[in-house]
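**Student:** So here's query.txt (compact mmCIF, C-alpha atoms and all ligand atoms).
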```txt
# COMPACT_ATOMS: atom_id res chain seq x y z
CA MET E 1 5.84 36.33 -207.85
CA SER E 2 4.77 37.10 -204.26
CA GLU E 3 7.97 39.14 -203.83
CA ARG E 4 6.82 41.62 -206.46
CA ALA E 5 5.35 44.98 -205.47
CA ILE E 6 1.72 46.09 -205.60
CA GLY E 7 1.23 48.88 -208.16
CA VAL E 8 -1.11 51.68 -207.08
CA PHE E 9 -2.11 54.72 -209.13
CA ASP E 10 -4.29 57.78 -208.79
CA SER E 11 -4.59 61.17 -210.44
CA GLY E 12 -2.54 62.70 -207.61
CA VAL E 13 -2.35 62.63 -203.83
CA GLY E 14 -5.84 61.21 -203.20
CA GLY E 15 -4.83 57.58 -203.72
CA LEU E 16 -2.53 57.91 -200.74
CA THR E 17 -5.62 57.37 -198.55
CA VAL E 18 -5.93 53.95 -200.23
CA LEU E 19 -2.20 53.29 -199.94
CA LYS E 20 -2.35 54.16 -196.23
CA GLU E 21 -5.04 51.51 -195.69
CA ILE E 22 -3.11 48.92 -197.73
CA VAL E 23 0.04 49.59 -195.69
CA GLY E 24 -2.02 49.32 -192.46
CA GLN E 25 -3.46 45.94 -193.46
CA LEU E 26 -0.43 44.58 -195.37
CA PRO E 27 2.72 46.14 -193.85
CA GLY E 28 5.02 43.58 -195.47
CA GLU E 29 4.15 44.49 -199.06
CA ASP E 30 6.38 46.57 -201.34
CA ILE E 31 4.29 49.26 -203.08
CA VAL E 32 4.99 51.37 -206.15
CA TYR E 33 2.70 54.43 -206.20
CA LEU E 34 2.13 56.69 -209.18
CA GLY E 35 0.32 60.05 -208.90
CA ASP E 36 -0.47 61.55 -212.29
CA THR E 37 -0.05 65.06 -210.89
CA ALA E 38 0.61 66.69 -214.28
CA ARG E 39 -2.94 65.81 -215.39
CA VAL E 40 -4.95 65.96 -212.15
CA PRO E 41 -7.93 66.30 -211.74
CA TYR E 42 -9.48 63.31 -213.49
CA GLY E 43 -12.90 64.05 -211.96
CA THR E 44 -13.79 66.76 -214.48
CA LYS E 45 -12.43 64.99 -217.60
CA SER E 46 -14.31 62.93 -220.17
CA PRO E 47 -14.39 59.12 -219.81
CA GLN E 48 -12.28 58.70 -223.02
CA THR E 49 -9.51 60.88 -221.60
CA VAL E 50 -9.58 59.19 -218.19
CA VAL E 51 -9.37 55.74 -219.83
CA ARG E 52 -6.29 56.82 -221.80
CA TYR E 53 -4.63 58.31 -218.72
CA ALA E 54 -5.38 55.15 -216.73
CA LEU E 55 -3.86 52.91 -219.44
CA GLU E 56 -0.71 55.03 -219.53
CA ALA E 57 -0.38 55.03 -215.73
CA ALA E 58 -0.95 51.27 -215.59
CA ALA E 59 1.65 50.65 -218.33
CA PHE E 60 4.23 52.46 -216.21
CA LEU E 61 3.48 50.26 -213.19
CA VAL E 62 3.46 47.07 -215.27
CA LYS E 63 7.00 47.96 -216.42
CA HIS E 64 7.91 47.82 -212.73
CA ARG E 65 6.79 44.17 -212.83
CA VAL E 66 4.08 44.64 -210.19
CA LYS E 67 1.97 41.61 -209.20
CA MET E 68 -1.31 43.53 -208.98
CA LEU E 69 -2.75 46.88 -210.06
CA VAL E 70 -4.82 48.93 -207.66
CA VAL E 71 -6.76 51.76 -209.28
CA ALA E 72 -6.85 54.01 -206.22
CA CYS E 73 -8.97 56.64 -207.95
CA ASN E 74 -12.76 56.50 -207.99
CA THR E 75 -13.05 58.39 -211.26
CA ALA E 76 -10.60 56.08 -213.06
CA SER E 77 -12.19 53.00 -211.45
CA SER E 78 -15.63 54.11 -212.59
CA VAL E 79 -14.71 54.17 -216.31
CA ALA E 80 -11.40 52.41 -216.98
CA LEU E 81 -11.56 48.93 -215.40
CA PRO E 82 -12.76 47.09 -218.54
CA ALA E 83 -10.00 48.66 -220.67
CA LEU E 84 -7.36 47.87 -218.03
CA ALA E 85 -8.52 44.26 -217.75
CA GLU E 86 -8.38 43.95 -221.54
CA HIS E 87 -4.84 45.37 -221.86
CA PHE E 88 -3.10 43.80 -218.88
CA SER E 89 -3.12 40.22 -217.67
CA LEU E 90 -2.59 40.82 -213.94
CA PRO E 91 -5.26 41.25 -211.24
CA VAL E 92 -6.80 44.75 -211.35
CA ILE E 93 -8.64 46.04 -208.27
CA GLY E 94 -10.71 49.22 -208.37
CA VAL E 95 -12.22 51.16 -205.49
CA ILE E 96 -15.88 51.05 -206.59
CA GLU E 97 -16.82 47.39 -206.15
CA PRO E 98 -15.52 47.00 -202.55
CA GLY E 99 -17.32 50.12 -201.30
CA ALA E 100 -20.52 49.24 -203.17
CA ARG E 101 -20.56 45.70 -201.75
CA THR E 102 -20.15 46.95 -198.18
CA ALA E 103 -22.86 49.60 -198.62
CA ALA E 104 -25.30 47.04 -200.03
CA ALA E 105 -24.57 44.68 -197.14
CA GLN E 106 -24.88 47.30 -194.40
CA THR E 107 -27.94 49.36 -195.35
CA ARG E 108 -31.07 48.63 -193.34
CA SER E 109 -33.48 51.11 -194.91
CA GLY E 110 -32.38 50.28 -198.49
CA ARG E 111 -31.57 53.94 -199.20
CA ILE E 112 -27.90 54.55 -200.02
CA GLY E 113 -26.17 57.82 -200.88
CA VAL E 114 -23.01 58.07 -202.98
CA ILE E 115 -20.83 61.17 -203.19
CA GLY E 116 -17.99 61.55 -205.67
CA THR E 117 -16.52 63.64 -208.49
CA GLU E 118 -18.63 64.71 -211.46
CA GLY E 119 -17.05 61.93 -213.52
CA THR E 120 -17.81 59.21 -210.98
CA VAL E 121 -21.39 60.38 -210.49
CA LYS E 122 -22.02 60.67 -214.24
CA SER E 123 -20.71 57.17 -214.86
CA ALA E 124 -23.28 55.76 -212.37
CA ALA E 125 -20.69 53.05 -211.64
CA TYR E 126 -21.58 52.90 -207.93
CA THR E 127 -25.29 52.55 -208.68
CA ALA E 128 -24.56 49.71 -211.10
CA ALA E 129 -22.24 47.96 -208.63
CA ILE E 130 -24.75 48.33 -205.75
CA HIS E 131 -27.55 47.02 -207.99
CA ARG E 132 -25.43 44.00 -208.92
CA CYS E 133 -25.57 43.14 -205.19
CA ASN E 134 -29.24 44.00 -204.77
CA PRO E 135 -31.32 45.54 -207.58
CA SER E 136 -34.03 46.75 -205.20
CA LEU E 137 -31.78 49.24 -203.37
CA ASP E 138 -32.47 52.92 -203.84
CA VAL E 139 -29.24 54.81 -204.70
CA ILE E 140 -28.90 58.57 -204.85
CA ASN E 141 -25.69 60.10 -206.26
CA VAL E 142 -24.48 63.62 -205.55
CA PRO E 143 -21.29 65.19 -206.98
CA CYS E 144 -19.23 67.16 -204.43
CA PRO E 145 -16.40 68.62 -206.56
CA LEU E 146 -15.35 71.32 -204.08
CA PHE E 147 -14.47 68.70 -201.46
CA VAL E 148 -11.30 67.86 -203.45
CA PRO E 149 -9.60 71.30 -203.23
CA LEU E 150 -10.89 71.78 -199.66
CA ALA E 151 -9.24 68.53 -198.55
CA GLU E 152 -6.01 69.44 -200.36
CA GLU E 153 -6.09 72.87 -198.72
CA GLY E 154 -6.20 71.12 -195.35
CA TRP E 155 -9.52 72.77 -194.44
CA LEU E 156 -10.71 69.66 -192.69
CA ASP E 157 -12.41 71.48 -189.84
CA HIS E 158 -13.24 74.86 -191.34
CA PRO E 159 -16.50 76.85 -191.57
CA VAL E 160 -16.24 77.01 -195.38
CA THR E 161 -16.01 73.23 -195.58
CA ARG E 162 -18.92 72.87 -193.16
CA LEU E 163 -21.08 75.23 -195.23
CA THR E 164 -20.12 73.43 -198.44
CA ALA E 165 -20.98 70.08 -196.87
CA GLU E 166 -24.38 71.37 -195.69
CA GLU E 167 -25.17 72.55 -199.22
CA TYR E 168 -23.98 69.39 -201.02
CA LEU E 169 -25.42 66.91 -198.54
CA ALA E 170 -28.90 68.50 -198.19
CA PRO E 171 -30.51 66.26 -200.87
CA LEU E 172 -29.07 63.19 -199.17
CA ARG E 173 -30.50 64.24 -195.83
CA ALA E 174 -33.87 64.93 -197.45
CA HIS E 175 -33.77 61.44 -198.96
CA ALA E 176 -33.28 59.92 -195.48
CA ILE E 177 -30.42 57.64 -196.49
CA ASP E 178 -28.91 55.43 -193.80
CA THR E 179 -25.62 54.65 -195.60
CA LEU E 180 -23.28 57.02 -197.42
CA VAL E 181 -20.43 55.89 -199.67
CA LEU E 182 -17.43 58.26 -199.67
CA GLY E 183 -16.82 57.68 -203.38
CA CYS E 184 -13.74 59.83 -203.84
CA THR E 185 -10.20 59.43 -202.55
CA HIS E 186 -10.25 62.80 -200.80
CA TYR E 187 -13.44 62.42 -198.80
CA PRO E 188 -12.12 60.23 -195.95
CA LEU E 189 -10.22 63.33 -194.79
CA LEU E 190 -13.55 65.14 -194.41
CA LYS E 191 -15.24 62.31 -192.47
CA ASN E 192 -15.74 64.39 -189.32
CA ILE E 193 -17.57 67.22 -191.06
CA ILE E 194 -19.57 64.81 -193.23
CA ARG E 195 -20.57 62.85 -190.13
CA ALA E 196 -21.51 66.04 -188.28
CA VAL E 197 -23.76 67.16 -191.16
CA MET E 198 -25.33 63.77 -191.89
CA GLY E 199 -25.78 62.76 -188.24
CA GLU E 200 -24.43 59.82 -186.28
CA THR E 201 -27.07 57.39 -187.53
CA VAL E 202 -25.82 57.48 -191.12
CA ARG E 203 -23.12 54.88 -191.74
CA LEU E 204 -20.13 56.20 -193.71
CA ILE E 205 -18.48 53.72 -196.06
CA ASP E 206 -14.82 54.46 -196.69
CA SER E 207 -13.92 52.97 -200.09
CA ALA E 208 -10.21 53.10 -199.19
CA GLU E 209 -10.63 50.75 -196.21
CA GLU E 210 -12.84 48.35 -198.15
CA THR E 211 -10.45 48.30 -201.11
CA ALA E 212 -7.48 47.45 -198.88
CA ARG E 213 -9.46 44.50 -197.51
CA THR E 214 -10.18 43.31 -201.07
CA VAL E 215 -6.49 43.65 -202.00
CA ALA E 216 -5.53 41.53 -198.97
CA GLU E 217 -8.15 38.86 -199.75
CA THR E 218 -7.24 38.70 -203.45
CA LEU E 219 -3.51 38.33 -202.74
CA ALA E 220 -4.17 35.73 -200.04
CA SER E 221 -6.39 33.60 -202.26
CA ALA E 222 -3.80 33.68 -205.07
CA TYR E 223 -0.95 32.83 -202.60
CA LEU E 224 0.68 36.13 -203.50
CA LEU E 225 1.09 37.65 -200.04
CA ARG E 226 4.67 38.72 -199.32
CA GLN E 227 5.97 37.17 -196.11
CA ALA E 228 7.98 40.04 -194.64
CA ALA E 229 7.73 42.28 -191.61
CA SER E 230 7.93 45.52 -193.55
CA GLY E 231 7.92 46.57 -197.17
CA LYS E 232 9.41 49.33 -199.30
CA ARG E 233 7.36 52.19 -200.74
CA SER E 234 8.37 54.05 -203.92
CA PHE E 235 6.58 57.17 -205.10
CA PHE E 236 6.46 58.57 -208.64
CA VAL E 237 4.67 61.64 -210.00
CA THR E 238 4.31 63.22 -213.44
CA ASP E 239 4.83 66.84 -212.32
CA VAL E 240 7.51 68.29 -210.04
CA PRO E 241 7.16 66.57 -206.64
CA THR E 242 7.05 69.65 -204.37
CA ARG E 243 3.29 69.97 -203.99
CA PHE E 244 2.72 66.20 -203.87
CA GLU E 245 5.24 65.91 -201.02
CA LYS E 246 3.68 68.82 -199.12
CA VAL E 247 -0.01 67.93 -199.51
CA GLY E 248 0.49 64.15 -199.63
CA GLY E 249 1.92 63.97 -196.13
CA ALA E 250 -1.51 64.78 -194.65
CA PHE E 251 -3.19 62.14 -196.85
CA LEU E 252 -0.65 59.49 -195.93
CA GLY E 253 -0.33 60.47 -192.29
CA ALA E 254 3.47 60.32 -192.66
CA ASP E 255 6.28 62.26 -194.31
CA LEU E 256 6.72 61.66 -198.02
CA LEU E 257 10.35 61.38 -199.00
CA GLY E 258 12.22 60.58 -202.20
CA VAL E 259 9.37 61.22 -204.64
CA GLU E 260 10.61 60.93 -208.23
CA GLN E 261 9.28 62.74 -211.31
CA ILE E 262 8.78 60.60 -214.42
CA GLU E 263 7.21 60.91 -217.88
CA LEU E 264 4.50 58.52 -219.03
CA ASP E 265 4.60 56.98 -222.50
CA TRP E 266 1.67 57.88 -224.72
CA ILE E 267 -0.79 55.19 -225.72
N1 LIG P 301 -8.83 60.77 -207.21
C1 LIG P 301 -10.06 61.33 -207.69
C2 LIG P 301 -11.21 60.38 -207.36
O1 LIG P 301 -11.16 59.60 -206.44
C3 LIG P 301 -10.30 62.72 -207.13
C4 LIG P 301 -9.37 63.78 -207.70
C5 LIG P 301 -9.53 63.96 -209.19
O2 LIG P 301 -10.58 64.47 -209.65
O3 LIG P 301 -8.60 63.59 -209.91
O4 LIG P 301 -12.21 60.40 -208.02
```
Would you put the structure from the file into structure tokens?
Ligand code: DGL

**Tutor:**
Amino acid sequence: MSERAIGVFDSGVGGLTVLKEIVGQLPGEDIVYLGDTARVPYGTKSPQTVVRYALEAAAFLVKHRVKMLVVACNTASSVALPALAEHFSLPVIGVIEPGARTAAAQTRSGRIGVIGTEGTVKSAAYTAAIHRCNPSLDVINVPCPLFVPLAEEGWLDHPVTRLTAEEYLAPLRAHAIDTLVLGCTHYPLLKNIIRAVMGETVRLIDSAEETARTVAETLASAYLLRQAASGKRSFFVTDVPTRFEKVGGAFLGADLLGVEQIELDWI
């Protein structure tokens, strides 16, 4: 069982930030990654649709006999985890819980900000997860939808991105938060601008890093860690791979080669 791969899925390239952290912490693991590029973005879709997409993506990975599912998409994690746990009998890790736990543990003032897609913010999944750790914490959620195309455009240090960040983050600054959860796969790429706008005293919580730690701990406690020096990575997408390969390289911090286009079965 430990020899099996970890299955990771996202709506597109964003989950590669999570994959990068998993590879950094667990270099010996084989990973099968699926980007549902034909149906991206998930962040603007209804919860019912995102749940269906997530089930279809997970079914594809389960056919690859993976030992664990990582939902490397905040929007899918915010609405689809119960359905995934009901349909599949392998460990399912989402990106919400690990980031929420770290934010709750690290805040000093008790005021936490969360930024994410419209879908993630509407679901209030981060607020619920933070309140499960400590119900007295004050959580303010702000959707930042334009951050997704800006990150994909590679405008990581661009005046337009800076202006957008100032606009989106103003309510969080006014609320004097001391901890900010980057609740979307794309936002770690914009860390520098977000930090510059929020100020050095606000702690940024990168859900990707925290999720990779949870993956490592969960595999270790189930004796499922693969004992190898390096693992194999396979990439699948639901649209032609050209754009995924081009944009994904920046998210992964490495060249993306051999990406294969597949079709998902309907559920
Ligand atoms: N991966 C999505 C998330 O983390 C962002 C992109 C999308 O909307 O599909 O919420």

**Student:** Hey, which of E:Ile112, E:Val13, E:Leu156, E:Ile262 ends up closest to ligand LIG 301 (chain P)? Count all atoms listed in the file.

**Tutor:** E:Val13

**Student:** For E:Pro41, list every protein, DNA or RNA residue within 12 Å, evaluated using all atoms listed in the file, and leave out those in the same chain fewer than 6 positions away; present the list as a PDB file with C-alpha atoms, in the coordinates of the input.

**Tutor:**
```pdb
ATOM      1  CA  ASP E  10      -4.290  57.780-208.790  1.00  0.00           C
ATOM      2  CA  SER E  11      -4.590  61.170-210.440  1.00  0.00           C
ATOM      3  CA  GLY E  12      -2.540  62.700-207.610  1.00  0.00           C
ATOM      4  CA  VAL E  13      -2.350  62.630-203.830  1.00  0.00           C
ATOM      5  CA  GLY E  14      -5.840  61.210-203.200  1.00  0.00           C
ATOM      6  CA  GLY E  35       0.320  60.050-208.900  1.00  0.00           C
ATOM      7  CA  THR E  49      -9.510  60.880-221.600  1.00  0.00           C
ATOM      8  CA  VAL E  50      -9.580  59.190-218.190  1.00  0.00           C
ATOM      9  CA  TYR E  53      -4.630  58.310-218.720  1.00  0.00           C
ATOM     10  CA  CYS E  73      -8.970  56.640-207.950  1.00  0.00           C
ATOM     11  CA  ASN E  74     -12.760  56.500-207.990  1.00  0.00           C
ATOM     12  CA  THR E  75     -13.050  58.390-211.260  1.00  0.00           C
ATOM     13  CA  ALA E  76     -10.600  56.080-213.060  1.00  0.00           C
ATOM     14  CA  THR E 117     -16.520  63.640-208.490  1.00  0.00           C
ATOM     15  CA  GLU E 118     -18.630  64.710-211.460  1.00  0.00           C
ATOM     16  CA  GLY E 119     -17.050  61.930-213.520  1.00  0.00           C
ATOM     17  CA  PRO E 145     -16.400  68.620-206.560  1.00  0.00           C
ATOM     18  CA  LEU E 146     -15.350  71.320-204.080  1.00  0.00           C
ATOM     19  CA  VAL E 148     -11.300  67.860-203.450  1.00  0.00           C
ATOM     20  CA  PRO E 149      -9.600  71.300-203.230  1.00  0.00           C
ATOM     21  CA  GLU E 152      -6.010  69.440-200.360  1.00  0.00           C
ATOM     22  CA  CYS E 184     -13.740  59.830-203.840  1.00  0.00           C
ATOM     23  CA  THR E 185     -10.200  59.430-202.550  1.00  0.00           C
ATOM     24  CA  HIS E 186     -10.250  62.800-200.800  1.00  0.00           C
TER      25      HIS E 186
END
```

**Student:** Env of E:His175: 9 Å cut, atoms = all atoms listed in the file, seq-sep filter 2 positions within chain, self excluded. Answer as a count of residues only.

**Tutor:** 8

**Student:** Which neighbours of E:Ala80 fall inside 8 Å, counting all atoms listed in the file, when residues of the same chain fewer than 2 positions from it are skipped, and could you give them as a list in words?

**Tutor:** Pro47, Val50, Val51, Ala54, Leu55, Ala76, Ser77, Ser78, Pro82, Ala83 and Leu84 of chain E

**Student:** As an exercise, work out the distance from atom CA of E:Thr211 to atom CA of E:Pro98 in Å and give it to one decimal place.

**Tutor:**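 It comes out at 5.4 Å.
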
**Student:** Would you compute an axis-aligned box for ligand LIG 301 (chain P), covering every atom listed for it in the file with 6 Å of margin on each side, and report centre and edge lengths in Å to one decimal as JSON?

**Tutor:**
```
{"center_x": -10.4, "center_y": 62.0, "center_z": -208.2, "size_x": 15.6, "size_y": 16.9, "size_z": 15.5}
```

**Student:** E:Asp157: which residues within 12 Å, counting all atoms listed in the file, same-chain residues fewer than 3 positions away excluded, as a list in words?

**Tutor:**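 Listed by chain and then number, they are Leu150, Ala151, Glu153, Gly154, Val160, Thr161, Arg162, Leu163, Thr164, Ala165, Leu189, Leu190, Lys191, Asn192, Ile193, Ile194, Arg195 and Ala196 of chain E.
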
**Student:** Pick the closest to ligand LIG 301 (chain P) from E:Met68, E:Ala229, E:Ala208, E:Val197: which is it, counting only C-alpha atoms and all ligand atoms?

**Tutor:**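 Among E:Met68, E:Ala229, E:Ala208, E:Val197, it is E:Ala208 that comes nearest to ligand LIG 301 (chain P).
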
**Student:** Which of these, E:Phe60, E:Arg65, E:Ser207, E:Asn141, has the shortest distance to ligand LIG 301 (chain P) once you count only C-alpha atoms and all ligand atoms?

**Tutor:** E:Ser207

**Student:** Smallest atom-to-atom distance to ligand LIG 301 (chain P): which of E:Gly28, E:Gly94, E:Gly183, E:Gly99, using only C-alpha atoms and all ligand atoms?

**Tutor:**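 Using only C-alpha atoms and all ligand atoms, ligand LIG 301 (chain P) sits closest to E:Gly183.
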
**Student:** Of the candidates E:Glu21, E:Glu97, E:Glu56, E:Glu200, which shows the shortest atom-to-atom distance to E:Gly253, using only C-alpha atoms?

**Tutor:**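 For E:Gly253, the nearest of the given residues is E:Glu21.
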
**Student:** Give me the residues within 9 Å of E:Gln106 as a ChimeraX atom specification, counting all atoms listed in the file and dropping any in the same chain fewer than 4 places off.

**Tutor:** /E:101-102,179,203

**Student:** Hey, which of E:Lys122, E:Lys20, E:Arg52, E:His158 ends up closest to E:Trp266? Count all atoms listed in the file.

**Tutor:**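 Distance minimum relative to E:Trp266 lands on E:Arg52.
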
**Student:** Could you jot down the atom CA of E:Ser2 to atom CA of E:Gln261 separation for me, Å, one decimal place?

**Tutor:**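 Atom CA of E:Gln261 lies 27.0 Å from atom CA of E:Ser2.
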